[in-house]
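Engineer: Would you mind keeping the following structure in view while I ask a few things?
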Amino acid sequence: MIILSVKTCSGLDDLNLLSSVCCYWSARVFIATMPGLLLGDVFPNFEAETTNGKIKFHDFLGDSWGILFSHPRDYTPVCTTELGRAAKPSDEFSRRNVKMIALSIDSLEDHHGWTKDILAYNNEESGCAFPFPIIADNQRELAVALGMLDPDEKDKDGMPLTARCVFVIGQDKKLKLSLLYPATTGRNFDEILRVVDSLQLTAKNRVATPADWQPGERVMVPPNIPEEEAAVMFPAGVYTKELPSGRKYLRYTPQP
Ligand code: BEZ
């Protein structure tokens, strides 16, 4: 059983939700009454069993950023490549002060067996520790509560699988980014590192990152900063591209 403690965006109410949803139809009803997490929402402080023991999510995060990403099942090919890929740059995530945690609809016993396969897929020595915990969600309670189910992908019993979600949570425990991929499309972990770099940069500086931005490249001055203020705010200079409209909204500055 998963216990969710949800704080509303306004911060006015604490709502304790006790989810005992364990069949498809009750899951659908629950989803219908809970629209899912929105950017800026405080991420639920759920309790769960993981491969590293029982956790309470906010305590697990501490002062770090967090990434929670979900998987349809253990011992499946795409998930194995994804977790292998996520385990490889996990020091890249810790360097950015980001704690990783995965979720898959299977038992702890399955997770422990599967991580050995994943390490072997990565050509790691057997006996190596898997670098981050995996939540056991064999009753799908957390997947349902967080709106992670993919109704189009069913398991052999006709139950919906978990989609491939990525939630990035900031140090204030609020949702900063969510990605939702179907079970049949594996994620790109270089892109996840790239968005973390953008999220962390834009959390500290009043800038925005353009399409396909990579760390170190120039960034954009947001439209709500007046020209005179921008000149003071960005002493390295602001370059404004001339456009047919004559509007001066395409403004670049070196990455702060
Ligand atoms: C996979 O991880 O390979 C997978 C899982 C569910 C549906 C399709 C692919």
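Identifiers in this document derive from the order of the structure tokens: chains are assigned A, B, ..., residues are numbered from 1 separately in each chain, and ligands are numbered from 1 in order of occurrence.
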Could you list, with a cut-off of 10 Å and counting only C-alpha atoms and all ligand atoms, the residues of chain A near ligand 1, each shown with its nearest atom pair and the distance in Å rounded to one decimal, rows sorted by chain and ascending number, as JSON lines?
Structural biologist:
{"residue": "A:His71", "atom": "CA", "partner": "ligand 1", "partner_atom_place_in_ligand_line": "2 (O)", "distance": 7.2}
{"residue": "A:Pro72", "atom": "CA", "partner": "ligand 1", "partner_atom_place_in_ligand_line": "5 (C)", "distance": 5.3}
{"residue": "A:Arg73", "atom": "CA", "partner": "ligand 1", "partner_atom_place_in_ligand_line": "5 (C)", "distance": 6.1}
{"residue": "A:Asp74", "atom": "CA", "partner": "ligand 1", "partner_atom_place_in_ligand_line": "2 (O)", "distance": 7.7}
{"residue": "A:Tyr75", "atom": "CA", "partner": "ligand 1", "partner_atom_place_in_ligand_line": "2 (O)", "distance": 7.6}
{"residue": "A:Thr76", "atom": "CA", "partner": "ligand 1", "partner_atom_place_in_ligand_line": "2 (O)", "distance": 4.2}
{"residue": "A:Pro77", "atom": "CA", "partner": "ligand 1", "partner_atom_place_in_ligand_line": "3 (O)", "distance": 3.8}
{"residue": "A:Val78", "atom": "CA", "partner": "ligand 1", "partner_atom_place_in_ligand_line": "3 (O)", "distance": 3.5}
{"residue": "A:Cys79", "atom": "CA", "partner": "ligand 1", "partner_atom_place_in_ligand_line": "2 (O)", "distance": 3.9}
{"residue": "A:Thr80", "atom": "CA", "partner": "ligand 1", "partner_atom_place_in_ligand_line": "2 (O)", "distance": 6.7}
{"residue": "A:Thr81", "atom": "CA", "partner": "ligand 1", "partner_atom_place_in_ligand_line": "2 (O)", "distance": 8.2}
{"residue": "A:Glu82", "atom": "CA", "partner": "ligand 1", "partner_atom_place_in_ligand_line": "2 (O)", "distance": 8.4}
{"residue": "A:Leu83", "atom": "CA", "partner": "ligand 1", "partner_atom_place_in_ligand_line": "2 (O)", "distance": 10.0}
{"residue": "A:Asp150", "atom": "CA", "partner": "ligand 1", "partner_atom_place_in_ligand_line": "7 (C)", "distance": 9.9}
{"residue": "A:Asp152", "atom": "CA", "partner": "ligand 1", "partner_atom_place_in_ligand_line": "7 (C)", "distance": 9.9}
{"residue": "A:Glu153", "atom": "CA", "partner": "ligand 1", "partner_atom_place_in_ligand_line": "7 (C)", "distance": 6.4}
{"residue": "A:Lys154", "atom": "CA", "partner": "ligand 1", "partner_atom_place_in_ligand_line": "7 (C)", "distance": 7.9}
{"residue": "A:Asp155", "atom": "CA", "partner": "ligand 1", "partner_atom_place_in_ligand_line": "6 (C)", "distance": 7.9}
{"residue": "A:Pro160", "atom": "CA", "partner": "ligand 1", "partner_atom_place_in_ligand_line": "6 (C)", "distance": 10.0}
{"residue": "A:Leu161", "atom": "CA", "partner": "ligand 1", "partner_atom_place_in_ligand_line": "6 (C)", "distance": 7.1}
{"residue": "A:Thr162", "atom": "CA", "partner": "ligand 1", "partner_atom_place_in_ligand_line": "6 (C)", "distance": 8.4}
{"residue": "A:Ala163", "atom": "CA", "partner": "ligand 1", "partner_atom_place_in_ligand_line": "6 (C)", "distance": 8.4}
{"residue": "A:Arg164", "atom": "CA", "partner": "ligand 1", "partner_atom_place_in_ligand_line": "2 (O)", "distance": 9.3}
{"residue": "A:Pro182", "atom": "CA", "partner": "ligand 1", "partner_atom_place_in_ligand_line": "7 (C)", "distance": 8.3}
{"residue": "A:Ala183", "atom": "CA", "partner": "ligand 1", "partner_atom_place_in_ligand_line": "7 (C)", "distance": 4.8}
{"residue": "A:Thr184", "atom": "CA", "partner": "ligand 1", "partner_atom_place_in_ligand_line": "8 (C)", "distance": 4.5}
{"residue": "A:Thr185", "atom": "CA", "partner": "ligand 1", "partner_atom_place_in_ligand_line": "9 (C)", "distance": 7.7}
{"residue": "A:Gly186", "atom": "CA", "partner": "ligand 1", "partner_atom_place_in_ligand_line": "2 (O)", "distance": 7.8}
Engineer: Would you please give, as a ChimeraX atom specification, all residues of region 138-192 of chain A that DSSP assigns to alpha helix (DSSP H) based on the backbone?
Structural biologist: /A:141-145,189-192
Engineer: Could you list, as a PyMOL selection string, every residue within 10 Å of Asp117 (chain A), counting only C-alpha atoms and ignoring same-chain residues fewer than 6 positions away?
Structural biologist: chain A and resi 75+80+84+111+123-124+126
Engineer: Let me see the file: selected residues, all heavy atoms, as a JSON list (two decimals), in the first residue's frame.
Structural biologist:
[["chain", "number", "residue", "atom", "x", "y", "z"],
["A", 75, "TYR", "N", 12.67, -7.05, -16.71],
["A", 75, "TYR", "CA", 13.06, -8.09, -17.69],
["A", 75, "TYR", "C", 12.43, -7.84, -19.06],
["A", 75, "TYR", "O", 11.91, -8.76, -19.69],
["A", 75, "TYR", "CB", 12.67, -9.48, -17.19],
["A", 75, "TYR", "CG", 13.35, -9.90, -15.90],
["A", 75, "TYR", "CD1", 12.64, -9.98, -14.70],
["A", 75, "TYR", "CD2", 14.70, -10.24, -15.87],
["A", 75, "TYR", "CE1", 13.25, -10.37, -13.51],
["A", 75, "TYR", "CE2", 15.33, -10.63, -14.69],
["A", 75, "TYR", "CZ", 14.59, -10.69, -13.52],
["A", 75, "TYR", "OH", 15.21, -11.08, -12.35],
["A", 80, "THR", "N", 15.57, -2.43, -20.18],
["A", 80, "THR", "CA", 16.93, -2.84, -19.81],
["A", 80, "THR", "C", 17.96, -1.87, -20.42],
["A", 80, "THR", "O", 18.89, -1.43, -19.75],
["A", 80, "THR", "CB", 17.19, -4.29, -20.27],
["A", 80, "THR", "OG1", 16.22, -5.12, -19.62],
["A", 80, "THR", "CG2", 18.59, -4.76, -19.91],
["A", 84, "GLY", "N", 20.20, 0.62, -18.17],
["A", 84, "GLY", "CA", 21.65, 0.51, -18.39],
["A", 84, "GLY", "C", 22.22, 1.88, -18.72],
["A", 84, "GLY", "O", 23.23, 2.32, -18.18],
["A", 111, "HIS", "N", 13.23, -6.92, -9.12],
["A", 111, "HIS", "CA", 14.15, -5.79, -9.36],
["A", 111, "HIS", "C", 15.59, -6.21, -9.07],
["A", 111, "HIS", "O", 16.50, -5.87, -9.83],
["A", 111, "HIS", "CB", 13.81, -4.61, -8.44],
["A", 111, "HIS", "CG", 12.54, -3.88, -8.79],
["A", 111, "HIS", "ND1", 11.76, -4.16, -9.87],
["A", 111, "HIS", "CD2", 11.94, -2.82, -8.16],
["A", 111, "HIS", "CE1", 10.73, -3.33, -9.90],
["A", 111, "HIS", "NE2", 10.81, -2.52, -8.87],
["A", 123, "ASN", "N", 28.15, -4.46, -19.19],
["A", 123, "ASN", "CA", 29.47, -5.06, -19.04],
["A", 123, "ASN", "C", 30.16, -4.67, -17.73],
["A", 123, "ASN", "O", 31.37, -4.52, -17.68],
["A", 123, "ASN", "CB", 30.40, -4.71, -20.23],
["A", 123, "ASN", "CG", 29.90, -5.29, -21.51],
["A", 123, "ASN", "OD1", 29.42, -6.45, -21.53],
["A", 123, "ASN", "ND2", 29.96, -4.54, -22.59],
["A", 124, "GLU", "N", 29.34, -4.44, -16.70],
["A", 124, "GLU", "CA", 29.91, -4.16, -15.37],
["A", 124, "GLU", "C", 30.20, -5.50, -14.70],
["A", 124, "GLU", "O", 29.56, -6.50, -14.98],
["A", 124, "GLU", "CB", 28.90, -3.40, -14.48],
["A", 124, "GLU", "CG", 28.34, -2.14, -15.08],
["A", 124, "GLU", "CD", 29.27, -0.96, -14.87],
["A", 124, "GLU", "OE1", 30.28, -1.11, -14.18],
["A", 124, "GLU", "OE2", 28.95, 0.10, -15.43],
["A", 126, "SER", "N", 30.08, -8.44, -12.06],
["A", 126, "SER", "CA", 29.01, -8.89, -11.18],
["A", 126, "SER", "C", 29.42, -8.55, -9.74],
["A", 126, "SER", "O", 30.60, -8.54, -9.40],
["A", 126, "SER", "CB", 28.75, -10.38, -11.34],
["A", 126, "SER", "OG", 29.90, -11.09, -11.01]]
Engineer: I want to know what sits within 7 Å of Gly66 (chain A), based on only C-alpha atoms, with residues of the same chain fewer than 2 positions away left out; could you give that as a ChimeraX atom specification?
Structural biologist: /A:61,64,68,98-100,168-170
Engineer: With a distance cut-off of 8 Å and only C-alpha atoms, select the neighbouring residues of Thr51 (chain A), excluding the residue or stretch itself and same-chain residues fewer than 2 positions from it, and output the selection as an mmCIF file with N, CA and C atoms, in the first residue's frame.
Structural biologist:
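Final output, saved to around-v3.cif:
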data_model
loop_
_atom_site.group_PDB
_atom_site.id
_atom_site.type_symbol
_atom_site.label_atom_id
_atom_site.label_comp_id
_atom_site.auth_asym_id
_atom_site.auth_seq_id
_atom_site.Cartn_x
_atom_site.Cartn_y
_atom_site.Cartn_z
ATOM 1 N N GLU A 49 8.562 1.009 -1.048
ATOM 2 C CA GLU A 49 9.647 0.039 -0.882
ATOM 3 C C GLU A 49 10.540 0.128 -2.118
ATOM 4 N N GLY A 53 15.761 -0.136 0.249
ATOM 5 C CA GLY A 53 14.993 -0.029 1.498
ATOM 6 C C GLY A 53 13.798 0.895 1.331
ATOM 7 N N LEU A 108 10.267 -6.378 -5.482
ATOM 8 C CA LEU A 108 11.668 -6.131 -5.132
ATOM 9 C C LEU A 108 12.557 -7.277 -5.577
ATOM 10 N N HIS A 111 13.226 -6.920 -9.122
ATOM 11 C CA HIS A 111 14.147 -5.789 -9.359
ATOM 12 C C HIS A 111 15.594 -6.210 -9.067
ATOM 13 N N HIS A 112 15.780 -6.915 -7.944
ATOM 14 C CA HIS A 112 17.155 -7.301 -7.584
ATOM 15 C C HIS A 112 17.751 -8.231 -8.647
ATOM 16 N N PRO A 133 18.165 3.566 -6.508
ATOM 17 C CA PRO A 133 17.096 2.627 -6.129
ATOM 18 C C PRO A 133 16.013 2.487 -7.201
ATOM 19 N N ILE A 134 15.346 1.342 -7.165
ATOM 20 C CA ILE A 134 14.178 1.109 -8.031
ATOM 21 C C ILE A 134 12.985 0.814 -7.110
ATOM 22 N N ILE A 135 11.914 1.556 -7.319
ATOM 23 C CA ILE A 135 10.698 1.379 -6.507
ATOM 24 C C ILE A 135 9.952 0.135 -6.974
ATOM 25 N N ALA A 136 9.494 -0.665 -6.007
ATOM 26 C CA ALA A 136 8.640 -1.815 -6.328
ATOM 27 C C ALA A 136 7.189 -1.337 -6.290
#
Engineer: Please identify all polymer residues within 10 Å of Glu217 (chain A), counting only C-alpha atoms, omitting same-chain residues fewer than 6 positions from it, and present them as a count of residues only.
Structural biologist: 6
Engineer: May I ask for the distance between CA of Arg95 (chain A) and CA of Tyr181 (chain A), given in Å to one decimal place?
Structural biologist: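 CA of Tyr181 (chain A) lies at a distance of 25.9 Å from CA of Arg95 (chain A).
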Engineer: Which neighbours of Ile67 (chain A) fall inside 12 Å, counting only C-alpha atoms, when residues of the same chain fewer than 4 positions from it are skipped, and could you give them as an MDAnalysis selection string?
Structural biologist: chainID A and resid 43 57 60:61 86 90 93:94 96:103 132:134 165:171 173:179 189 192:193 195:196
Engineer: Those residues with N, CA and C atoms, as a tab-separated table (two decimals), in the first residue's frame please?
Structural biologist:
chain	number	residue	atom	x	y	z
A	43	PHE	N	5.67	17.91	-5.28
A	43	PHE	CA	5.60	16.49	-5.63
A	43	PHE	C	5.13	15.69	-4.42
A	57	PHE	N	9.65	10.00	0.10
A	57	PHE	CA	10.28	10.63	-1.06
A	57	PHE	C	11.02	11.93	-0.72
A	60	PHE	N	14.18	11.20	1.00
A	60	PHE	CA	15.12	10.64	0.02
A	60	PHE	C	15.80	11.77	-0.76
A	61	LEU	N	15.01	12.77	-1.17
A	61	LEU	CA	15.57	13.87	-1.97
A	61	LEU	C	16.51	14.74	-1.15
A	86	ALA	N	20.85	4.81	-18.03
A	86	ALA	CA	20.71	5.72	-16.88
A	86	ALA	C	21.78	5.43	-15.83
A	90	SER	N	25.11	8.02	-14.21
A	90	SER	CA	24.53	8.41	-12.93
A	90	SER	C	25.49	9.30	-12.15
A	93	PHE	N	24.72	12.70	-13.09
A	93	PHE	CA	23.57	13.26	-12.36
A	93	PHE	C	24.00	13.69	-10.96
A	94	SER	N	24.81	12.87	-10.27
A	94	SER	CA	25.19	13.26	-8.90
A	94	SER	C	26.07	14.50	-8.93
A	96	ARG	N	25.58	16.94	-10.72
A	96	ARG	CA	24.62	18.05	-10.82
A	96	ARG	C	23.71	18.11	-9.58
A	97	ASN	N	24.06	17.32	-8.57
A	97	ASN	CA	23.26	17.26	-7.33
A	97	ASN	C	21.83	16.76	-7.61
A	98	VAL	N	21.73	15.75	-8.49
A	98	VAL	CA	20.42	15.17	-8.83
A	98	VAL	C	20.41	13.72	-8.34
A	99	LYS	N	19.40	13.37	-7.56
A	99	LYS	CA	19.23	11.98	-7.12
A	99	LYS	C	18.28	11.27	-8.08
A	100	MET	N	18.69	10.12	-8.55
A	100	MET	CA	17.86	9.34	-9.48
A	100	MET	C	17.08	8.28	-8.70
A	101	ILE	N	15.88	8.00	-9.18
A	101	ILE	CA	15.12	6.87	-8.66
A	101	ILE	C	14.20	6.38	-9.77
A	102	ALA	N	14.18	5.06	-9.97
A	102	ALA	CA	13.33	4.47	-11.01
A	102	ALA	C	12.14	3.78	-10.35
A	103	LEU	N	11.13	3.49	-11.17
A	103	LEU	CA	9.95	2.75	-10.69
A	103	LEU	C	9.59	1.74	-11.77
A	132	PHE	N	21.38	3.44	-8.26
A	132	PHE	CA	20.24	4.17	-7.68
A	132	PHE	C	19.10	3.19	-7.40
A	133	PRO	N	18.16	3.57	-6.51
A	133	PRO	CA	17.10	2.63	-6.13
A	133	PRO	C	16.01	2.49	-7.20
A	134	ILE	N	15.35	1.34	-7.17
A	134	ILE	CA	14.18	1.11	-8.03
A	134	ILE	C	12.98	0.81	-7.11
A	165	CYS	N	7.62	7.69	-17.90
A	165	CYS	CA	7.54	9.09	-17.43
A	165	CYS	C	8.89	9.54	-16.91
A	166	VAL	N	9.15	10.81	-17.03
A	166	VAL	CA	10.31	11.42	-16.36
A	166	VAL	C	9.77	12.63	-15.60
A	167	PHE	N	9.97	12.63	-14.30
A	167	PHE	CA	9.63	13.80	-13.50
A	167	PHE	C	10.94	14.38	-12.96
A	168	VAL	N	11.17	15.66	-13.19
A	168	VAL	CA	12.32	16.33	-12.57
A	168	VAL	C	11.78	17.22	-11.47
A	169	ILE	N	12.34	17.03	-10.27
A	169	ILE	CA	11.84	17.74	-9.08
A	169	ILE	C	12.95	18.66	-8.57
A	170	GLY	N	12.60	19.89	-8.29
A	170	GLY	CA	13.60	20.87	-7.83
A	170	GLY	C	13.89	20.75	-6.34
A	171	GLN	N	14.84	21.56	-5.87
A	171	GLN	CA	15.22	21.51	-4.45
A	171	GLN	C	14.09	21.97	-3.54
A	173	LYS	N	11.16	20.87	-3.91
A	173	LYS	CA	10.25	19.70	-4.00
A	173	LYS	C	9.11	19.91	-5.01
A	174	LYS	N	9.27	20.93	-5.86
A	174	LYS	CA	8.21	21.18	-6.85
A	174	LYS	C	8.57	20.57	-8.20
A	175	LEU	N	7.52	20.19	-8.93
A	175	LEU	CA	7.74	19.58	-10.25
A	175	LEU	C	8.23	20.64	-11.24
A	176	LYS	N	9.40	20.39	-11.83
A	176	LYS	CA	10.00	21.35	-12.76
A	176	LYS	C	9.82	20.92	-14.21
A	177	LEU	N	9.67	19.62	-14.45
A	177	LEU	CA	9.55	19.14	-15.83
A	177	LEU	C	8.91	17.76	-15.81
A	178	SER	N	8.05	17.51	-16.79
A	178	SER	CA	7.56	16.13	-16.92
A	178	SER	C	7.55	15.74	-18.39
A	179	LEU	N	8.03	14.53	-18.65
A	179	LEU	CA	8.05	13.96	-20.00
A	179	LEU	C	7.25	12.68	-19.95
A	189	PHE	N	18.79	9.77	-22.70
A	189	PHE	CA	19.31	10.28	-21.43
A	189	PHE	C	20.26	11.46	-21.61
A	192	ILE	N	17.91	14.20	-21.23
A	192	ILE	CA	17.50	14.42	-19.83
A	192	ILE	C	18.59	15.21	-19.09
A	193	LEU	N	19.87	14.89	-19.36
A	193	LEU	CA	20.96	15.67	-18.76
A	193	LEU	C	20.92	17.12	-19.27
A	195	VAL	N	18.27	18.85	-20.28
A	195	VAL	CA	17.20	19.65	-19.67
A	195	VAL	C	17.51	19.97	-18.21
A	196	VAL	N	18.20	19.05	-17.53
A	196	VAL	CA	18.60	19.36	-16.14
A	196	VAL	C	19.53	20.58	-16.15
Engineer: Just how far from CA of Arg206 (chain A) is CA of Leu243 (chain A), in Å to one decimal?
Structural biologist: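 Between these atoms lies a distance of 23.2 Å.
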Engineer: Kindly give the distance, in Å, that separates CA of Leu250 (chain A) and CA of Gly216 (chain A), rounded to a single decimal.
Structural biologist: 18.6 Å
Engineer: Write down as a count of residues only the residues of region 139-187 of chain A whose backbone DSSP state falls under strand (DSSP E or B).
Structural biologist: 23
Engineer: When you count only C-alpha atoms, which of these residues is closest to Phe46 (chain A): A:Ala129, A:Ile118, A:Val232, A:Leu146?
Structural biologist: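 Once distances to Phe46 (chain A) are computed over only C-alpha atoms, the minimum belongs to A:Leu146.
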Engineer: Could you check which of A:Met233, A:Glu47, A:Arg218, A:Trp65 is closest to Gln200 (chain A), using only C-alpha atoms?
Structural biologist: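 Result for the nearest residue to Gln200 (chain A): A:Trp65.
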